[in-house]
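A.B. asks: This is the content of final-v3.csv (CSV, C-alpha atoms):
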chain,number,residue,atom,x,y,z
R,173,MET,CA,160.5,50.7,-36.9
R,174,ARG,CA,160.3,47.0,-37.0
R,175,LYS,CA,157.6,47.1,-34.4
R,176,ILE,CA,155.6,49.6,-36.5
R,177,ILE,CA,155.8,47.4,-39.6
R,178,LEU,CA,154.8,44.4,-37.5
R,179,LEU,CA,151.8,46.3,-36.1
R,180,PHE,CA,150.9,47.4,-39.6
R,181,PHE,CA,150.8,43.8,-40.9
R,182,LEU,CA,148.9,42.6,-37.8
R,183,ALA,CA,146.3,45.3,-38.4
R,184,LEU,CA,146.1,44.5,-42.1
R,185,ASN,CA,145.7,40.8,-41.4
R,186,ALA,CA,142.9,41.5,-38.9
R,187,SER,CA,141.1,43.8,-41.3
R,188,LEU,CA,141.3,41.2,-44.1
R,189,TYR,CA,139.2,38.8,-42.2
R,190,SER,CA,137.3,40.8,-39.7
R,191,GLN,CA,135.6,43.4,-41.9
R,192,SER,CA,133.0,41.0,-43.3
R,193,ILE,CA,131.5,40.0,-39.9
R,194,GLU,CA,128.1,41.6,-39.8
R,195,SER,CA,125.6,41.8,-36.9
R,196,PHE,CA,122.1,41.0,-38.1
R,197,LYS,CA,118.7,41.2,-36.5
R,198,LEU,CA,116.0,38.8,-37.5
R,199,ALA,CA,114.3,41.1,-39.9
R,200,GLN,CA,117.5,41.6,-41.9
R,201,LEU,CA,118.0,37.9,-42.1
R,202,GLN,CA,114.4,37.4,-43.2
R,203,ASN,CA,115.0,40.0,-45.8
R,204,ILE,CA,118.0,38.0,-47.2
R,205,ILE,CA,115.9,34.8,-47.2
R,206,GLN,CA,113.0,36.4,-49.0
R,207,SER,CA,114.7,38.7,-51.5
R,208,PRO,CA,115.2,37.7,-55.1
R,209,SER,CA,118.7,36.6,-55.9
R,210,ASP,CA,120.4,35.4,-59.1
R,211,LYS,CA,122.3,32.8,-57.1
R,212,ILE,CA,121.1,29.9,-55.0
R,213,LEU,CA,121.4,30.8,-51.4
R,214,VAL,CA,123.0,28.3,-49.0
R,215,ILE,CA,122.5,29.5,-45.5
R,216,ASN,CA,124.3,27.5,-42.8
R,217,PHE,CA,123.5,28.0,-39.2
R,218,TRP,CA,126.5,27.2,-37.0
R,219,ALA,CA,128.4,28.3,-33.9
R,220,THR,CA,132.0,28.3,-32.8
R,221,TRP,CA,131.2,25.9,-30.0
R,222,CYS,CA,129.6,23.3,-32.3
R,223,ALA,CA,132.0,20.6,-33.3
R,224,PRO,CA,129.9,19.1,-36.2
R,225,CYS,CA,129.4,22.6,-37.5
R,226,ILE,CA,133.2,23.2,-37.7
R,227,LYS,CA,133.7,19.8,-39.3
R,228,GLU,CA,131.4,20.6,-42.2
R,229,LEU,CA,132.6,24.2,-42.6
R,230,PRO,CA,135.2,23.4,-45.3
R,231,LEU,CA,132.4,21.9,-47.4
R,232,PHE,CA,130.6,25.2,-47.5
R,233,GLU,CA,133.8,27.1,-48.1
R,234,LYS,CA,134.6,24.9,-51.1
R,235,LEU,CA,131.1,25.2,-52.4
R,236,ASN,CA,131.2,29.0,-52.2
R,237,GLN,CA,134.5,29.2,-54.1
R,238,GLU,CA,133.8,26.6,-56.7
R,239,ASN,CA,130.1,27.0,-57.6
R,240,LYS,CA,129.5,30.4,-59.1
R,241,ASN,CA,125.7,29.8,-59.0
R,242,VAL,CA,125.8,29.6,-55.3
R,243,GLU,CA,126.2,32.1,-52.5
R,244,VAL,CA,127.1,30.7,-49.1
R,245,ILE,CA,126.1,32.7,-46.0
R,246,LEU,CA,127.3,31.4,-42.6
R,247,VAL,CA,125.0,32.6,-39.9
R,248,SER,CA,126.6,32.3,-36.5
R,249,MET,CA,124.3,31.5,-33.6
R,250,ASP,CA,127.0,32.2,-31.0
R,251,TYR,CA,125.2,35.3,-29.6
R,252,ASP,CA,122.6,33.3,-27.7
R,253,LEU,CA,125.2,31.8,-25.3
R,254,ASP,CA,127.9,34.5,-25.6
R,255,PRO,CA,127.3,38.1,-26.8
R,256,ASN,CA,131.0,38.6,-27.3
R,257,ILE,CA,131.2,38.9,-31.1
R,258,GLN,CA,135.0,39.0,-31.1
R,259,LYS,CA,135.1,35.3,-30.5
R,260,VAL,CA,133.5,34.7,-33.9
R,261,GLU,CA,135.9,37.3,-35.5
R,262,ARG,CA,138.9,35.5,-34.1
R,263,PHE,CA,137.5,32.2,-35.3
R,264,GLN,CA,137.1,33.7,-38.8
R,265,ALA,CA,140.6,34.9,-38.8
R,266,ARG,CA,142.1,31.7,-37.5
R,267,LYS,CA,140.3,29.6,-40.0
R,268,LYS,CA,140.7,32.2,-42.8
R,269,ILE,CA,137.0,31.9,-43.7
R,270,GLN,CA,136.2,33.5,-47.0
R,271,SER,CA,132.4,33.0,-47.1
R,272,ARG,CA,130.1,35.8,-45.8
R,273,ILE,CA,129.5,35.5,-42.0
R,274,LEU,CA,126.6,37.1,-40.2
R,275,ILE,CA,125.9,37.0,-36.5
R,276,LEU,CA,122.3,36.9,-35.5
R,277,THR,CA,122.1,39.1,-32.4
R,278,GLU,CA,118.7,38.1,-31.1
R,279,SER,CA,117.6,36.7,-27.7
R,280,ASP,CA,114.6,34.4,-26.9
R,281,PRO,CA,115.1,31.8,-29.7
R,282,ASN,CA,111.6,30.4,-29.3
R,283,SER,CA,110.2,33.7,-30.6
R,284,TRP,CA,112.1,33.5,-34.0
R,285,ILE,CA,113.2,29.9,-34.9
R,286,ASP,CA,109.9,29.2,-36.6
R,287,LYS,CA,110.2,32.5,-38.5
R,288,ILE,CA,113.4,31.2,-40.1
R,289,GLU,CA,112.2,27.6,-40.8
R,290,LYS,CA,109.3,25.7,-39.3
R,291,LYS,CA,111.0,22.3,-39.7
R,292,TRP,CA,114.0,23.5,-37.6
R,293,SER,CA,114.1,22.4,-33.9
R,294,GLY,CA,116.9,24.9,-33.2
R,295,ALA,CA,119.6,22.2,-33.1
R,296,LEU,CA,122.9,23.0,-34.8
R,297,PRO,CA,124.1,22.7,-37.5
R,298,ALA,CA,121.3,23.3,-39.8
R,299,THR,CA,121.2,24.3,-43.5
R,300,LEU,CA,118.7,26.2,-45.6
R,301,VAL,CA,119.0,26.1,-49.4
R,302,ILE,CA,116.8,28.6,-51.4
R,303,ASN,CA,116.3,29.2,-55.1
R,304,SER,CA,114.3,32.5,-55.3
R,305,LYS,CA,113.8,32.0,-59.1
R,306,ASN,CA,111.5,29.0,-58.7
R,307,ASN,CA,110.7,29.4,-55.0
R,308,LYS,CA,112.2,26.0,-54.1
R,309,ARG,CA,113.5,25.5,-50.7
R,310,GLU,CA,115.3,22.7,-48.9
R,311,PHE,CA,116.2,22.4,-45.2
R,312,ALA,CA,118.4,19.9,-43.4
R,313,GLN,CA,119.2,19.5,-39.8
R,314,GLY,CA,122.5,17.9,-38.7
R,315,GLU,CA,126.0,17.6,-40.2
R,316,LEU,CA,126.0,17.3,-43.9
R,317,GLY,CA,128.4,15.3,-46.2
R,318,GLU,CA,129.4,16.6,-49.6
R,319,ALA,CA,126.8,14.4,-51.5
R,320,GLN,CA,124.0,15.4,-49.2
R,321,LEU,CA,124.8,19.1,-49.6
R,322,GLN,CA,125.0,18.6,-53.4
R,323,LYS,CA,121.6,16.9,-53.4
R,324,LEU,CA,120.0,19.8,-51.6
R,325,ILE,CA,121.3,22.2,-54.3
R,326,THR,CA,120.2,19.8,-57.1
R,327,ASN,CA,116.7,19.6,-55.5
R,328,VAL,CA,116.2,23.3,-55.7
R,329,THR,CA,117.8,23.7,-59.1
R,330,ASN,CA,115.4,21.7,-61.2
F,101,MET,CA,88.5,1.3,-63.5
F,102,LYS,CA,87.0,1.6,-60.0
F,103,MET,CA,90.0,-0.4,-58.8
F,104,ILE,CA,92.5,1.9,-60.4
F,105,VAL,CA,90.8,4.9,-58.8
F,106,SER,CA,90.7,3.4,-55.4
F,107,THR,CA,94.3,2.2,-55.8
F,108,LEU,CA,95.3,5.8,-56.8
F,109,LEU,CA,93.3,7.1,-53.8
F,110,ILE,CA,95.1,4.8,-51.4
F,111,ALA,CA,98.4,5.8,-52.9
F,112,LEU,CA,97.5,9.5,-52.6
F,113,LEU,CA,96.3,9.1,-49.0
F,114,TRP,CA,99.4,7.1,-48.2
F,115,ALA,CA,101.7,9.7,-49.6
F,116,GLY,CA,99.8,12.5,-47.8
F,117,ALA,CA,100.0,10.8,-44.4
F,118,PRO,CA,102.3,12.8,-42.1
F,119,ILE,CA,105.6,11.2,-41.3
F,120,LYS,CA,105.5,10.5,-37.6
F,121,ASP,CA,108.6,12.1,-36.1
F,122,GLY,CA,108.4,11.4,-32.4
F,123,TYR,CA,105.8,12.5,-29.9
F,124,ASP,CA,103.6,15.5,-30.1
F,125,VAL,CA,101.8,17.1,-27.1
F,126,GLY,CA,98.9,14.9,-26.2
F,127,ASP,CA,100.5,11.7,-27.3
F,128,THR,CA,101.2,8.9,-24.8
F,129,ALA,CA,104.9,8.0,-24.4
F,130,ALA,CA,106.1,4.4,-24.3
F,131,ASP,CA,108.0,3.5,-21.1
F,132,PHE,CA,111.6,2.4,-21.5
F,133,LYS,CA,114.3,0.6,-19.7
F,134,LEU,CA,117.8,2.1,-19.7
F,135,LYS,CA,121.0,1.7,-17.7
F,136,ASN,CA,121.6,4.3,-15.0
F,137,VAL,CA,125.0,5.6,-13.9
F,138,ASP,CA,124.8,3.3,-10.9
F,139,GLY,CA,124.6,0.2,-13.3
F,140,LYS,CA,121.0,-0.5,-12.5
F,141,PHE,CA,118.2,-0.4,-15.1
F,142,VAL,CA,115.5,2.3,-14.7
F,143,SER,CA,112.0,2.5,-16.1
F,144,LEU,CA,109.4,5.2,-15.5
F,145,SER,CA,107.1,2.6,-14.0
F,146,ASP,CA,109.7,2.2,-11.2
F,147,PHE,CA,108.6,5.5,-9.8
F,148,LYS,CA,105.5,4.3,-7.9
F,149,ALA,CA,104.7,7.6,-6.2
F,150,ALA,CA,105.4,9.9,-9.2
F,151,LYS,CA,102.7,12.2,-10.4
F,152,GLY,CA,104.6,12.8,-13.6
F,153,PHE,CA,108.1,13.1,-15.0
F,154,ILE,CA,110.5,15.8,-16.3
F,155,VAL,CA,112.4,13.7,-18.9
F,156,ILE,CA,115.4,15.6,-20.2
F,157,PHE,CA,117.6,14.5,-23.1
F,158,ASP,CA,120.9,15.8,-22.0
F,159,CYS,CA,124.7,15.1,-22.3
F,160,ASN,CA,128.0,15.9,-20.8
F,161,THR,CA,129.6,18.0,-23.5
F,162,CYS,CA,127.2,20.4,-25.1
F,163,PRO,CA,127.7,24.0,-24.0
F,164,TYR,CA,123.9,24.4,-23.6
F,165,SER,CA,123.8,21.3,-21.4
F,166,LYS,CA,126.6,22.9,-19.3
F,167,ALA,CA,124.8,26.2,-19.2
F,168,TYR,CA,121.7,24.4,-17.9
F,169,ASN,CA,123.3,21.9,-15.7
F,170,GLU,CA,122.7,23.7,-12.4
F,171,ARG,CA,119.1,24.5,-13.5
F,172,ILE,CA,118.5,20.8,-14.2
F,173,ILE,CA,119.7,19.9,-10.7
F,174,ALA,CA,117.6,22.6,-9.3
F,175,LEU,CA,114.5,21.3,-11.1
F,176,ASN,CA,114.9,17.9,-9.5
F,177,ASN,CA,115.5,19.5,-6.1
F,178,LYS,CA,112.4,21.5,-6.4
F,179,TYR,CA,110.0,19.0,-8.0
F,180,ALA,CA,111.1,15.4,-7.1
F,181,SER,CA,109.6,15.7,-3.6
F,182,ASN,CA,106.4,17.0,-5.2
F,183,GLY,CA,106.1,13.9,-7.4
F,184,PHE,CA,107.8,15.2,-10.6
F,185,PRO,CA,111.4,13.8,-10.7
F,186,VAL,CA,113.9,14.6,-13.4
F,187,VAL,CA,114.9,11.7,-15.5
F,188,ALA,CA,117.9,12.6,-17.6
F,189,ILE,CA,118.9,10.6,-20.7
F,190,ASN,CA,122.1,10.8,-22.8
F,191,SER,CA,121.6,9.5,-26.4
F,192,ASN,CA,124.7,10.9,-28.0
F,193,ASP,CA,126.8,8.4,-30.0
F,194,ALA,CA,130.0,8.2,-27.8
F,195,SER,CA,132.1,7.1,-30.9
F,196,GLN,CA,131.6,10.7,-32.2
F,197,SER,CA,131.7,12.4,-28.8
F,198,SER,CA,134.0,10.6,-26.4
F,199,GLY,CA,133.1,12.9,-23.6
F,200,ASP,CA,129.6,11.5,-23.7
F,201,SER,CA,130.6,7.8,-23.0
F,202,TYR,CA,129.0,5.9,-20.1
F,203,ASP,CA,132.2,6.2,-18.0
F,204,GLU,CA,132.1,10.0,-18.5
F,205,MET,CA,128.4,10.1,-17.5
F,206,VAL,CA,129.3,8.2,-14.3
F,207,LYS,CA,132.0,10.8,-13.6
F,208,ILE,CA,129.8,13.8,-14.1
F,209,ALA,CA,126.9,12.3,-12.1
F,210,LYS,CA,129.3,11.8,-9.2
F,211,LYS,CA,131.0,15.2,-9.5
F,212,LYS,CA,127.7,17.0,-9.7
F,213,GLU,CA,126.1,14.7,-7.1
F,214,TYR,CA,123.1,14.0,-9.4
F,215,ASN,CA,120.2,12.8,-7.2
F,216,PHE,CA,118.2,11.8,-10.3
F,217,PRO,CA,118.8,9.0,-12.9
F,218,TYR,CA,121.2,9.8,-15.7
F,219,LEU,CA,120.5,7.0,-18.2
F,220,ILE,CA,122.4,5.9,-21.3
F,221,ASP,CA,120.3,5.4,-24.5
F,222,GLU,CA,123.0,3.4,-26.3
F,223,THR,CA,120.8,2.3,-29.2
F,224,GLN,CA,119.3,5.9,-29.4
F,225,SER,CA,115.8,4.2,-29.7
F,226,VAL,CA,114.3,6.3,-26.8
F,227,ALA,CA,115.5,9.6,-28.3
F,228,LYS,CA,114.0,8.4,-31.6
F,229,SER,CA,110.7,7.4,-30.2
F,230,PHE,CA,110.4,10.7,-28.3
F,231,GLY,CA,111.6,12.7,-31.3
F,232,ALA,CA,114.3,14.4,-29.2
F,233,THR,CA,116.6,16.5,-31.4
F,234,ASN,CA,118.6,18.7,-29.1
F,235,THR,CA,120.4,18.8,-25.8
F,236,PRO,CA,118.9,19.7,-23.4
F,237,HIS,CA,115.4,18.8,-24.7
F,238,VAL,CA,112.6,18.5,-22.2
F,239,PHE,CA,109.5,16.3,-22.3
F,240,VAL,CA,107.1,16.8,-19.3
F,241,LEU,CA,104.9,13.7,-18.9
F,242,THR,CA,102.0,13.0,-16.6
F,243,LYS,CA,101.9,9.8,-14.5
F,244,GLU,CA,100.0,8.2,-17.4
F,245,LEU,CA,102.9,9.2,-19.6
F,246,LYS,CA,100.9,11.7,-21.6
F,247,VAL,CA,103.1,14.3,-23.1
F,248,THR,CA,102.2,17.8,-21.9
F,249,TYR,CA,105.2,19.9,-22.8
F,250,ILE,CA,108.1,19.6,-25.3
F,251,GLY,CA,110.9,22.1,-25.5
F,252,ALA,CA,113.3,24.3,-23.6
F,253,ILE,CA,113.8,24.7,-19.9
F,254,ASP,CA,113.4,28.5,-20.1
F,255,ASP,CA,113.9,31.4,-22.4
F,256,ASN,CA,117.5,32.5,-21.5
F,257,ALA,CA,120.3,30.0,-21.8
F,258,ARG,CA,123.0,32.5,-21.1
F,259,LYS,CA,121.7,34.2,-18.0
F,260,PRO,CA,119.6,32.3,-15.5
F,261,GLU,CA,119.0,35.6,-13.7
F,262,SER,CA,117.4,37.2,-16.8
F,263,VAL,CA,114.9,34.4,-17.4
F,264,THR,CA,111.4,35.7,-17.9
F,265,LYS,CA,109.6,32.5,-18.9
F,266,LYS,CA,110.3,29.4,-16.9
F,267,TYR,CA,108.6,27.0,-19.3
F,268,VAL,CA,109.2,23.7,-17.5
F,269,GLU,CA,108.5,25.1,-14.0
F,270,ASN,CA,105.3,26.7,-15.3
F,271,THR,CA,104.2,23.4,-16.8
F,272,VAL,CA,104.8,21.4,-13.7
F,273,ASP,CA,103.2,24.0,-11.4
F,274,ALA,CA,100.1,23.9,-13.6
F,275,LEU,CA,99.9,20.1,-13.6
F,276,LEU,CA,100.4,20.1,-9.8
F,277,ALA,CA,97.6,22.6,-9.4
F,278,GLY,CA,95.3,20.7,-11.8
F,279,GLN,CA,95.4,23.6,-14.3
F,280,ALA,CA,95.8,23.8,-18.0
F,281,VAL,CA,99.4,24.1,-19.3
F,282,SER,CA,99.6,27.5,-21.1
F,283,VAL,CA,102.8,27.0,-23.2
F,284,THR,CA,103.0,23.4,-24.5
F,285,LYS,CA,105.8,23.7,-27.1
F,286,THR,CA,108.9,25.8,-27.4
F,287,LYS,CA,112.1,25.8,-29.4
F,288,THR,CA,115.6,26.8,-28.6
F,289,ILE,CA,119.1,26.8,-30.1
F,290,GLY,CA,121.1,23.8,-28.9
F,291,CYS,CA,123.4,21.0,-29.8
F,292,GLY,CA,122.0,18.4,-32.2
F,293,ILE,CA,121.9,14.9,-30.7
F,294,LYS,CA,125.0,13.0,-32.2
F,295,TRP,CA,123.2,10.3,-34.2
F,296,LYS,CA,125.0,7.1,-35.1
F,297,ARG,CA,126.2,7.0,-38.7
F,298,VAL,CA,124.3,4.4,-40.7
Starting from the file, give its structure as structure tokens.

C.D. replies:
Amino acid sequence: MRKIILLFFLALNASLYSQSIESFKLAQLQNIIQSPSDKILVINFWATWCAPCIKELPLFEKLNQENKNVEVILVSMDYDLDPNIQKVERFQARKKIQSRILILTESDPNSWIDKIEKKWSGALPATLVINSKNNKREFAQGELGEAQLQKLITNVTN
Amino acid sequence: MKMIVSTLLIALLWAGAPIKDGYDVGDTAADFKLKNVDGKFVSLSDFKAAKGFIVIFDCNTCPYSKAYNERIIALNNKYASNGFPVVAINSNDASQSSGDSYDEMVKIAKKKEYNFPYLIDETQSVAKSFGATNTPHVFVLTKELKVTYIGAIDDNARKPESVTKKYVENTVDALLAGQAVSVTKTKTIGCGIKWKRV
């Protein structure tokens, strides 16, 4: 009996965090980028192997929880090196990440990096901030501090 | 009035000038002098017999650098004798990435038996002048240091056996054959160079 209860809680725990991982193709991601939204979209490109990405993750989590005008989407780029999506799910569970996570399941990055953002070299981390109401857009490559992230949001707000 | 207009025009032109962010294809690169893992300083001009160079901004720690490590060694094995040696440069700030320190570079070069220079760009000035952003990030240069290709080694980081476009090999093959380079710029996912905090 104890074993069953334990299994139940393990399953519950896994489902709490793993259900929100979505596999996305480029067209679906482009659709998110281009669709009208009431909120400012903050799209962070990251990977579980990327140390500076993991370092700045709490900033995005905090932003997502505290700023109701912002929606954070964490786009994992892990697939390019490792198609095993479970690695990202385990990471999400371990770090108890609440923001929405997508995994971009596309190969041949040269064919699609420019379609996401021309200024992007493909280096991680990278962050795209979009306000669909005024068509303002900001892009930053490299690890962000809180003030830099806030500035990107301010720049697309006004 | 005329002066105001011309001042405004100059200001406009100034503001509209593109910010130069490293080299583009067709630019001529500046030579450099950086310390190699054997303690000696290396410049491109030291390679008297070279027909060109495969300059690769690389490091010890990045998973993409690891994925491409054998392919980088193979590039040098294939092309150094044809006059296109690999020159690898590590520009990562070791204070943020201790595995990329000079001592660690020496270790990996020994372990992997690098038969090409692996240079430390401690001030990051070479990465900045080239406009390198990722590891590994390749710049194929002619003997005259004209930039002919910028980008990825090939189109499949994960599986060398599934590569369909060997960008760097195709570039060097074309240059050796005196033909035009068909793909001159590519992008790929990779680790950002760890810049020093200012």

A.B. asks: Quote the spacing between atom CA of Glu170 of chain F and atom CA of Asp221 of chain F in Å to one decimal place.

C.D. replies: 22.1 Å

A.B. asks: Within 12 Å of segment 269-292 of chain R, which residues of segment 192-253 of chain F come that close, and what is the closest atom pair and distance in Å for each? Count all atoms listed in the file and give it as CSV.

C.D. replies:
residue,atom,partner,partner_atom,distance
F:Thr233,CA,R:Trp292,CA,9.7
F:Asn234,CA,R:Trp292,CA,10.8
F:Gly251,CA,R:Asn282,CA,9.2
F:Ala252,CA,R:Asn282,CA,8.5
F:Ile253,CA,R:Asn282,CA,11.2

A.B. asks: If you measure from atom CA of Asn330 of chain R to atom CA of Lys308 of chain R, what distance in Å do you get, rounded to one decimal?

C.D. replies: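 Separation of atom CA of Asn330 of chain R and atom CA of Lys308 of chain R: 8.9 Å.
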
A.B. asks: Please measure the separation of atom CA of Phe263 of chain R and atom CA of Ala199 of chain R, giving the value in Å to one decimal.

C.D. replies: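 Calculated distance between atom CA of Phe263 of chain R and atom CA of Ala199 of chain R is 25.3 Å.
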
A.B. asks: When you count only C-alpha atoms, which of these residues is closest to chain F: R:Leu229, R:Val242, R:Val328, R:Ala219?

C.D. replies: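 Checking each of R:Leu229, R:Val242, R:Val328, R:Ala219 against chain F, counting only C-alpha atoms, the winner is R:Ala219.
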
A.B. asks: If the cut-off is 8 Å, can you tell me the residues of chain R near chain F, counting only C-alpha atoms? I'd like them as a CSV table (one decimal) with C-alpha atoms, in the coordinates of the input.

C.D. replies:
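See iface_19.csv below for the written result:
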chain,number,residue,atom,x,y,z
R,221,TRP,CA,131.2,25.9,-30.0
R,222,CYS,CA,129.6,23.3,-32.3
R,249,MET,CA,124.3,31.5,-33.6
R,252,ASP,CA,122.6,33.3,-27.7
R,253,LEU,CA,125.2,31.8,-25.3
R,254,ASP,CA,127.9,34.5,-25.6
R,279,SER,CA,117.6,36.7,-27.7
R,280,ASP,CA,114.6,34.4,-26.9
R,281,PRO,CA,115.1,31.8,-29.7
R,282,ASN,CA,111.6,30.4,-29.3
R,285,ILE,CA,113.2,29.9,-34.9
R,293,SER,CA,114.1,22.4,-33.9
R,294,GLY,CA,116.9,24.9,-33.2
R,295,ALA,CA,119.6,22.2,-33.1
R,296,LEU,CA,122.9,23.0,-34.8
R,297,PRO,CA,124.1,22.7,-37.5
R,314,GLY,CA,122.5,17.9,-38.7

A.B. asks: Give me the residues near Asn236 of chain R as a VMD selection string, where near means some atom within 9 Å (using only C-alpha atoms) and where sequence neighbours in that chain fewer than 4 positions away do not count.

C.D. replies: chain R and resid 214 231 to 232 240 to 245 270 to 271

A.B. asks: Considering all atoms listed in the file, can you say which of F:Tyr202, F:Tyr267, F:Tyr179, F:Tyr168 comes closest to Ala150 of chain F?

C.D. replies: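 The answer is F:Tyr179, which sits nearest to Ala150 of chain F.
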
A.B. asks: From the options F:Val206, F:Ile172, F:Val226, F:Ala149, which residue's atoms come nearest to Ile189 of chain F, counting all atoms listed in the file?

C.D. replies: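 Checking each of F:Val206, F:Ile172, F:Val226, F:Ala149 against Ile189 of chain F, counting all atoms listed in the file, the winner is F:Val226.
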